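Chemist: Next up, entry36.cif (mmCIF, C-alpha atoms).
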```cif
data_query
loop_
_atom_site.label_atom_id
_atom_site.label_comp_id
_atom_site.auth_asym_id
_atom_site.auth_seq_id
_atom_site.Cartn_x
_atom_site.Cartn_y
_atom_site.Cartn_z
CA MET A 783 98.97 156.65 18.16
CA ILE A 784 95.86 158.84 18.09
CA THR A 785 92.17 157.97 17.80
CA PHE A 786 89.50 160.32 16.54
CA TYR A 787 85.73 159.94 17.01
CA ALA A 788 82.74 161.50 15.21
CA ALA A 789 78.97 161.02 15.19
CA VAL A 790 77.01 159.09 12.57
CA GLY A 791 73.64 160.32 11.31
CA CYS A 792 71.40 162.94 12.92
CA TYR A 793 68.76 162.88 15.65
CA ARG A 794 64.99 162.97 15.50
CA VAL A 795 62.43 163.65 18.22
CA LYS A 796 59.24 161.55 18.20
CA ASN A 797 56.08 162.06 20.21
CA GLU A 798 55.04 158.66 21.53
CA ASN A 799 51.95 158.42 23.73
CA GLY A 800 52.35 162.02 24.81
CA LYS A 801 56.04 161.62 25.63
CA LYS A 802 58.87 162.89 23.46
CA SER A 803 61.74 160.50 22.77
CA VAL A 804 65.00 160.96 20.93
CA TYR A 805 66.27 158.62 18.21
CA ILE A 806 69.36 158.59 16.04
CA GLN A 807 68.46 158.50 12.37
CA LYS A 808 70.97 156.59 10.26
CA LEU A 809 70.33 155.86 6.58
CA GLY A 810 66.65 156.63 7.11
CA LYS A 811 66.25 154.18 9.99
CA LEU A 812 65.58 155.31 13.57
CA HIS A 813 67.72 153.82 16.34
CA PRO A 814 66.65 154.17 20.02
CA ILE A 815 69.27 155.66 22.30
CA SER A 816 69.53 156.12 26.07
CA ILE A 817 70.34 159.44 27.71
CA PRO A 818 73.91 158.38 28.68
CA GLU A 819 74.50 157.15 25.10
CA PHE A 820 73.09 160.39 23.78
CA ALA A 821 75.51 162.30 26.02
CA ILE A 822 78.39 160.70 24.10
CA TRP A 823 76.77 160.89 20.67
CA SER A 824 75.66 164.53 21.03
CA SER A 825 79.15 165.55 22.16
CA LEU A 826 80.42 164.27 18.81
CA LEU A 827 77.73 165.76 16.57
CA TRP A 828 79.59 168.13 14.21
CA GLU A 829 82.70 167.64 16.30
CA VAL A 830 85.84 165.48 16.09
CA MET A 831 87.30 164.44 19.44
CA THR A 832 90.03 162.28 20.86
CA TYR A 833 89.24 159.62 23.48
CA ASP A 834 90.30 161.86 26.37
CA GLU A 835 88.30 164.83 25.07
CA LEU A 836 85.19 162.72 24.59
CA LYS A 837 85.46 161.10 28.02
CA ALA A 838 85.88 164.51 29.65
CA ALA A 839 82.81 165.84 27.80
CA TYR A 840 80.77 162.81 28.90
CA GLN A 841 81.80 163.18 32.53
CA GLU A 842 80.97 166.89 32.51
CA ILE A 843 77.48 166.28 31.11
CA MET A 844 76.70 163.31 33.32
CA GLY A 845 78.02 165.17 36.36
CA GLN A 846 74.68 166.96 36.32
CA GLN A 847 72.86 163.63 36.69
CA THR A 848 71.98 162.32 40.13
CA GLY A 849 72.64 158.66 40.79
CA PRO A 850 75.16 156.22 39.29
CA VAL A 851 76.79 157.16 35.98
CA PRO A 852 77.11 154.31 33.42
CA ASP A 853 80.64 153.30 32.47
CA PHE A 854 81.96 155.43 29.61
CA ASP A 855 84.00 152.70 27.93
CA GLN A 856 81.10 150.25 27.82
CA LEU A 857 78.82 152.86 26.26
CA LEU A 858 81.50 153.85 23.74
CA LEU A 859 81.96 150.22 22.72
CA LEU A 860 78.22 149.74 22.36
CA LEU A 861 77.83 152.84 20.20
CA SER A 862 80.74 151.69 18.03
CA LYS A 863 79.23 148.23 17.57
CA ARG A 864 75.91 149.81 16.61
CA LYS A 865 77.82 152.04 14.17
CA LEU A 866 76.32 155.18 15.65
CA ILE A 867 79.79 156.67 16.00
CA LEU A 868 82.91 156.46 13.84
CA SER A 869 86.50 156.09 14.96
CA GLY A 870 89.88 156.11 13.27
CA LEU A 871 93.27 155.12 14.67
CA GLY A 872 96.55 156.36 13.22
CA TYR A 873 100.10 157.43 13.96
CA THR A 874 99.28 160.99 12.90
CA GLY A 875 96.15 163.13 13.03
CA VAL A 876 95.78 163.02 9.24
CA ASP A 877 96.11 159.24 9.21
CA ALA A 878 93.53 158.83 11.98
CA LEU A 879 91.16 161.25 10.23
CA TYR A 880 91.41 159.37 6.94
CA ARG A 881 90.85 156.00 8.59
CA MET A 882 87.76 157.43 10.27
CA LEU A 883 86.31 159.09 7.17
CA ALA A 884 87.47 156.91 4.25
CA ASP A 885 84.40 154.63 4.25
CA ALA A 886 81.96 157.19 5.68
CA PHE A 887 79.38 158.58 3.27
CA VAL A 888 79.18 162.36 3.25
CA VAL A 889 75.57 163.58 3.05
CA PRO A 890 74.34 167.19 2.70
CA TYR A 891 72.43 168.48 5.71
CA ARG A 892 69.94 171.18 4.83
CA VAL A 893 67.60 171.33 7.83
CA SER A 894 68.21 173.92 10.52
CA ALA A 895 69.23 172.16 13.72
CA PRO A 896 69.87 173.09 17.35
CA ARG A 897 73.14 174.93 17.86
CA LYS A 898 74.22 172.12 20.16
CA ALA A 899 72.54 168.77 20.58
CA TRP A 900 73.52 168.73 24.25
CA CYS A 901 70.99 171.57 24.75
CA LEU A 902 68.38 168.95 23.94
CA LEU A 903 70.14 166.50 26.23
CA ARG A 904 69.94 168.95 29.14
CA LEU A 905 66.21 169.31 28.55
CA LEU A 906 65.84 165.54 28.55
CA MET A 907 67.82 165.16 31.76
CA SER A 908 65.78 167.86 33.48
CA GLY A 909 62.53 166.23 32.41
CA LYS A 910 61.66 169.10 30.09
CA LEU A 911 61.57 169.06 26.31
CA GLN A 912 60.38 172.38 24.95
CA MET A 913 61.79 172.73 21.44
CA SER A 914 60.69 176.34 20.93
CA GLY A 915 63.63 178.67 21.19
CA VAL A 916 66.17 175.84 20.87
CA ALA A 917 66.40 175.68 17.08
CA ALA A 918 69.00 177.87 15.42
CA ALA A 919 70.34 178.19 11.91
CA ALA A 920 73.54 176.36 11.03
CA ARG A 921 76.74 178.33 10.82
CA LYS A 922 77.15 180.36 7.65
CA ARG A 923 80.53 181.01 6.16
CA ARG A 924 82.12 181.41 2.77
CA LEU A 925 82.97 178.03 1.24
CA THR A 926 86.27 177.32 -0.47
CA ASP A 927 86.34 176.07 -4.05
CA LYS A 928 87.18 172.55 -2.81
CA GLU A 929 84.27 172.56 -0.34
CA GLN A 930 81.89 173.73 -3.07
CA ARG A 931 83.15 170.95 -5.32
CA VAL A 932 82.52 168.35 -2.61
CA LEU A 933 79.00 169.69 -2.10
CA GLN A 934 78.31 169.64 -5.83
CA LEU A 935 79.27 165.97 -5.95
CA ILE A 936 77.39 164.77 -2.87
CA GLU A 937 74.27 166.70 -3.81
CA GLN A 938 74.06 164.34 -6.79
CA THR A 939 74.58 161.22 -4.69
CA PRO A 940 76.13 160.43 -1.29
CA LEU A 941 79.79 159.47 -1.70
CA SER A 942 82.37 158.16 0.72
CA THR A 943 85.41 160.29 1.45
CA ALA A 944 87.60 157.84 -0.48
CA GLU A 945 85.22 158.05 -3.45
CA LEU A 946 85.42 161.84 -3.29
CA VAL A 947 89.21 161.63 -3.48
CA ARG A 948 88.87 159.42 -6.57
CA CYS A 949 86.55 162.03 -8.11
CA PHE A 950 89.19 164.71 -7.53
CA ASP A 951 91.92 162.46 -8.95
CA CYS A 952 90.00 161.64 -12.13
CA ASP A 953 88.26 165.02 -12.49
CA ILE A 954 84.85 163.35 -12.23
CA GLN A 955 82.04 165.91 -12.17
CA ASP A 956 78.92 163.88 -13.01
CA VAL A 957 77.85 161.18 -10.52
CA SER A 958 74.13 161.73 -10.98
CA THR A 959 73.30 158.08 -11.71
CA PRO A 960 74.58 154.71 -10.40
CA GLU A 961 75.85 153.94 -13.91
CA LYS A 962 77.98 157.10 -13.94
CA VAL A 963 79.33 156.34 -10.46
CA ILE A 964 80.38 152.87 -11.55
CA ALA A 965 81.83 154.06 -14.85
CA GLY A 966 83.78 156.89 -13.26
CA ILE A 967 84.79 155.66 -9.83
CA TYR A 968 84.63 151.86 -10.19
CA SER A 969 85.87 151.56 -13.75
CA ASP A 970 88.49 148.91 -12.85
CA GLN A 971 87.06 145.41 -12.87
CA GLY A 972 86.78 144.03 -9.36
CA SER A 973 87.23 147.45 -7.74
CA THR A 974 85.50 147.81 -4.36
CA GLN A 975 85.02 150.51 -1.75
CA LYS A 976 87.72 148.89 0.38
CA CYS A 977 90.16 148.83 -2.54
CA ILE A 978 89.54 152.49 -3.29
CA ALA A 979 90.00 153.43 0.38
CA ASN A 980 93.35 151.62 0.44
CA GLU A 981 94.49 153.17 -2.85
CA GLU A 982 93.43 156.75 -2.20
CA VAL A 983 95.30 157.05 1.08
CA HIS A 984 98.37 157.89 -1.04
CA SER A 985 96.63 160.35 -3.38
CA PRO A 986 97.91 163.94 -3.54
CA ASN A 987 94.25 164.98 -3.22
CA THR A 988 93.63 163.10 0.04
CA ASN A 989 94.55 165.97 2.35
CA VAL A 990 92.60 168.43 0.20
CA VAL A 991 89.42 166.34 0.40
CA LEU A 992 89.91 165.56 4.10
CA GLU A 993 90.15 169.27 4.85
CA ALA A 994 87.06 170.06 2.77
CA VAL A 995 84.96 167.25 4.30
CA SER A 996 86.11 168.10 7.82
CA ASN A 997 85.29 171.79 7.38
CA LEU A 998 81.83 170.99 6.00
CA TYR A 999 81.19 168.57 8.87
CA LEU A 1000 82.40 170.97 11.55
CA GLY A 1001 80.41 173.71 9.83
CA ARG A 1002 77.23 171.61 10.18
CA GLN A 1003 76.66 171.44 6.45
CA VAL A 1004 77.00 167.68 6.12
CA ILE A 1005 76.45 164.59 8.24
CA LEU A 1006 78.26 161.28 8.11
CA GLU A 1007 76.58 157.96 7.35
CA ILE A 1008 77.88 154.41 7.33
CA PRO A 1009 76.15 151.18 6.30
CA CYS A 1010 75.07 148.73 9.02
#
```
As structure tokens, what does this structure read like?
Modeler:
Amino acid sequence: MITFYAAVGCYRVKNENGKKSVYIQKLGKLHPISIPEFAIWSSLLWEVMTYDELKAAYQEIMGQQTGPVPDFDQLLLLLSKRKLILSGLGYTGVDALYRMLADAFVVPYRVSAPRKAWCLLRLLMSGKLQMSGVAAAARKRRLTDKEQRVLQLIEQTPLSTAELVRCFDCDIQDVSTPEKVIAGIYSDQGSTQKCIANEEVHSPNTNVVLEAVSNLYLGRQVILEIPC
């Protein structure tokens, strides 16, 4: 069995009473986060890691911190309960990836962001937070036809990975209104997001969409969101 982890949302820096604080923004709502939690979350931003990889990244970052280091497993559980990170368990990597992404909404990310969120974390841990010189443009690369198709769909409305597979299956191009989403994706009476996720796992387009979504996520062109 293998478990994959990824980050939910993006981060925002707020100036509060002359002090800058970091929050995780998920579905437009800001969630406070501690520095040890941010060490885990930032390691996963635009990355997909196994448990061992994530724990090693956390220990490396927190090794720079003086004093006791909070327990990794407790923080991971807390972040999972708060739905600030995603996880998927499967017998194969593809299965674990689908279980992690099936219900996650894929959202375009257009704002330039720091090359690595842990750069911000290091500034926080050192007591400094100078954002000048940290920001860098997202990676630029040539998109495949499938990645462009995913972007064209989610730029109309955020869609889950399972919904994107359904769009590929049914050749749905227009999801610009809720009515068109329902008519195209949820045309069967009683169909739900969970039903679609269970059905699309067997689609011949599942691997195609998983690859496209993963590449866009790793390329920092989309973020992942999930309802509370």
Chemist: Using all atoms listed in the file, pick whichever of A:Glu1007, A:Gly966, A:Asp951, A:Thr874 has the shortest atom-to-atom distance to Lys811 of chain A.
Modeler: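 So, comparing all the options, the nearest one is A:Glu1007.
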Chemist: Using all atoms listed in the file, which of the listed residues (A:Lys837, A:Lys928, A:Arg794, A:Lys802) sits closest to Ser996 of chain A?
Modeler: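 Using all atoms listed in the file, the shortest distance to Ser996 of chain A belongs to A:Lys928.
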Chemist: Around the point (73.4, 162.7, 14.2) (coordinates from the file), which residues reach within 7 Å if we count all atoms listed in the file? Answer as a PyMOL selection string.
Modeler: chain A and resi 789-793+806-807+827+1005
Chemist: Which residue, A:Thr943, A:Thr785, A:Gln846, A:Asn997, has the smallest gap to Val983 of chain A when you use only C-alpha atoms?
Modeler: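 Among the listed residues, A:Thr943 lies closest to Val983 of chain A.
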Chemist: Which residue, A:Tyr968, A:Phe887, A:Phe820, A:Trp828, has the smallest gap to Lys808 of chain A when you use all atoms listed in the file?
Modeler: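 Closest to Lys808 of chain A of all the choices is A:Phe887.
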Chemist: Determine the residue set returned by the PyMOL selection byres ((chain A and resi 831-835) around 7) for the present structure, and present it as an MDAnalysis selection string.
Modeler: chainID A and resid 785:788 826 829:830 836:839
Chemist: So what do you get for atom CA of Ile784 of chain A versus atom CA of Val1004 of chain A, distance-wise?
Modeler: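 So the two atoms, atom CA of Ile784 of chain A and atom CA of Val1004 of chain A, lie 24.0 Å apart.
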Chemist: Give as a JSON list (two decimals) with C-alpha atoms, keeping the file's coordinate frame the residues that the PyMOL selection byres ((chain A and resi 958) around 9) matches when applied to the coordinates above.
Modeler:
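The result, stored in selection17.json:
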```
[["chain", "number", "residue", "atom", "x", "y", "z"],
["A", 935, "LEU", "CA", 79.27, 165.97, -5.95],
["A", 937, "GLU", "CA", 74.27, 166.70, -3.81],
["A", 938, "GLN", "CA", 74.06, 164.34, -6.79],
["A", 939, "THR", "CA", 74.58, 161.22, -4.69],
["A", 956, "ASP", "CA", 78.92, 163.88, -13.01],
["A", 957, "VAL", "CA", 77.85, 161.18, -10.52],
["A", 959, "THR", "CA", 73.30, 158.08, -11.71],
["A", 960, "PRO", "CA", 74.58, 154.71, -10.40],
["A", 961, "GLU", "CA", 75.85, 153.94, -13.91],
["A", 962, "LYS", "CA", 77.98, 157.10, -13.94],
["A", 963, "VAL", "CA", 79.33, 156.34, -10.46]]
```
Chemist: Which residues are close to Gln975 of chain A, i.e. within 10 Å by all atoms listed in the file, leaving aside same-chain residues fewer than 2 positions away? Reply as a PyMOL selection string.
Modeler: chain A and resi 884-885+942+944-945+967-968+973+977-981
Chemist: Can you write out the residues you just picked, keeping C-alpha atoms, as an mmCIF file, keeping the file's coordinate frame?
Modeler:
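The file below, out.cif, is the result:
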```cif
data_model
loop_
_atom_site.group_PDB
_atom_site.id
_atom_site.type_symbol
_atom_site.label_atom_id
_atom_site.label_comp_id
_atom_site.auth_asym_id
_atom_site.auth_seq_id
_atom_site.Cartn_x
_atom_site.Cartn_y
_atom_site.Cartn_z
ATOM 1 C CA ALA A 884 87.470 156.910 4.250
ATOM 2 C CA ASP A 885 84.400 154.630 4.250
ATOM 3 C CA SER A 942 82.370 158.160 0.720
ATOM 4 C CA ALA A 944 87.600 157.840 -0.480
ATOM 5 C CA GLU A 945 85.220 158.050 -3.450
ATOM 6 C CA ILE A 967 84.790 155.660 -9.830
ATOM 7 C CA TYR A 968 84.630 151.860 -10.190
ATOM 8 C CA SER A 973 87.230 147.450 -7.740
ATOM 9 C CA CYS A 977 90.160 148.830 -2.540
ATOM 10 C CA ILE A 978 89.540 152.490 -3.290
ATOM 11 C CA ALA A 979 90.000 153.430 0.380
ATOM 12 C CA ASN A 980 93.350 151.620 0.440
ATOM 13 C CA GLU A 981 94.490 153.170 -2.850
#
```
Chemist: Step by step, gather every atom of segment 849-853 of chain A that the file lists, find the box along x, y and z that holds them, add 3 Å on each side, and finally give centre and edge lengths in Å to one decimal, as lines of an AutoDock Vina configuration file.
Modeler:
```
center_x = 76.6
center_y = 156.0
center_z = 36.6
size_x = 14.0
size_y = 11.4
size_z = 14.3
```
Chemist: Could you state the separation of atom CA of Val932 of chain A and atom CA of Val991 of chain A in Å, given to one decimal place?
Modeler: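 Spanning atom CA of Val932 of chain A to atom CA of Val991 of chain A is a straight-line distance of 7.8 Å.
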Chemist: For Ile936 of chain A, please output as a CSV table (one decimal) with C-alpha atoms, keeping the file's coordinate frame all residues within 8 Å (counting only C-alpha atoms; exclusion window: fewer than 5 positions along the same chain).
Modeler:
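Below you can see part22.csv, which holds the result:
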```
chain,number,residue,atom,x,y,z
A,888,VAL,CA,79.2,162.4,3.2
A,889,VAL,CA,75.6,163.6,3.0
A,890,PRO,CA,74.3,167.2,2.7
A,941,LEU,CA,79.8,159.5,-1.7
```
Chemist: Distance atom CA of Leu998 of chain A-atom CA of Leu925 of chain A, one decimal place?
Modeler: 8.6 Å
Chemist: Which one of A:Asn797, A:Leu866, A:Gly849, A:Gly972 sits closest to Ser824 of chain A if you count only C-alpha atoms?
Modeler: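 Among the listed residues, A:Leu866 lies closest to Ser824 of chain A.
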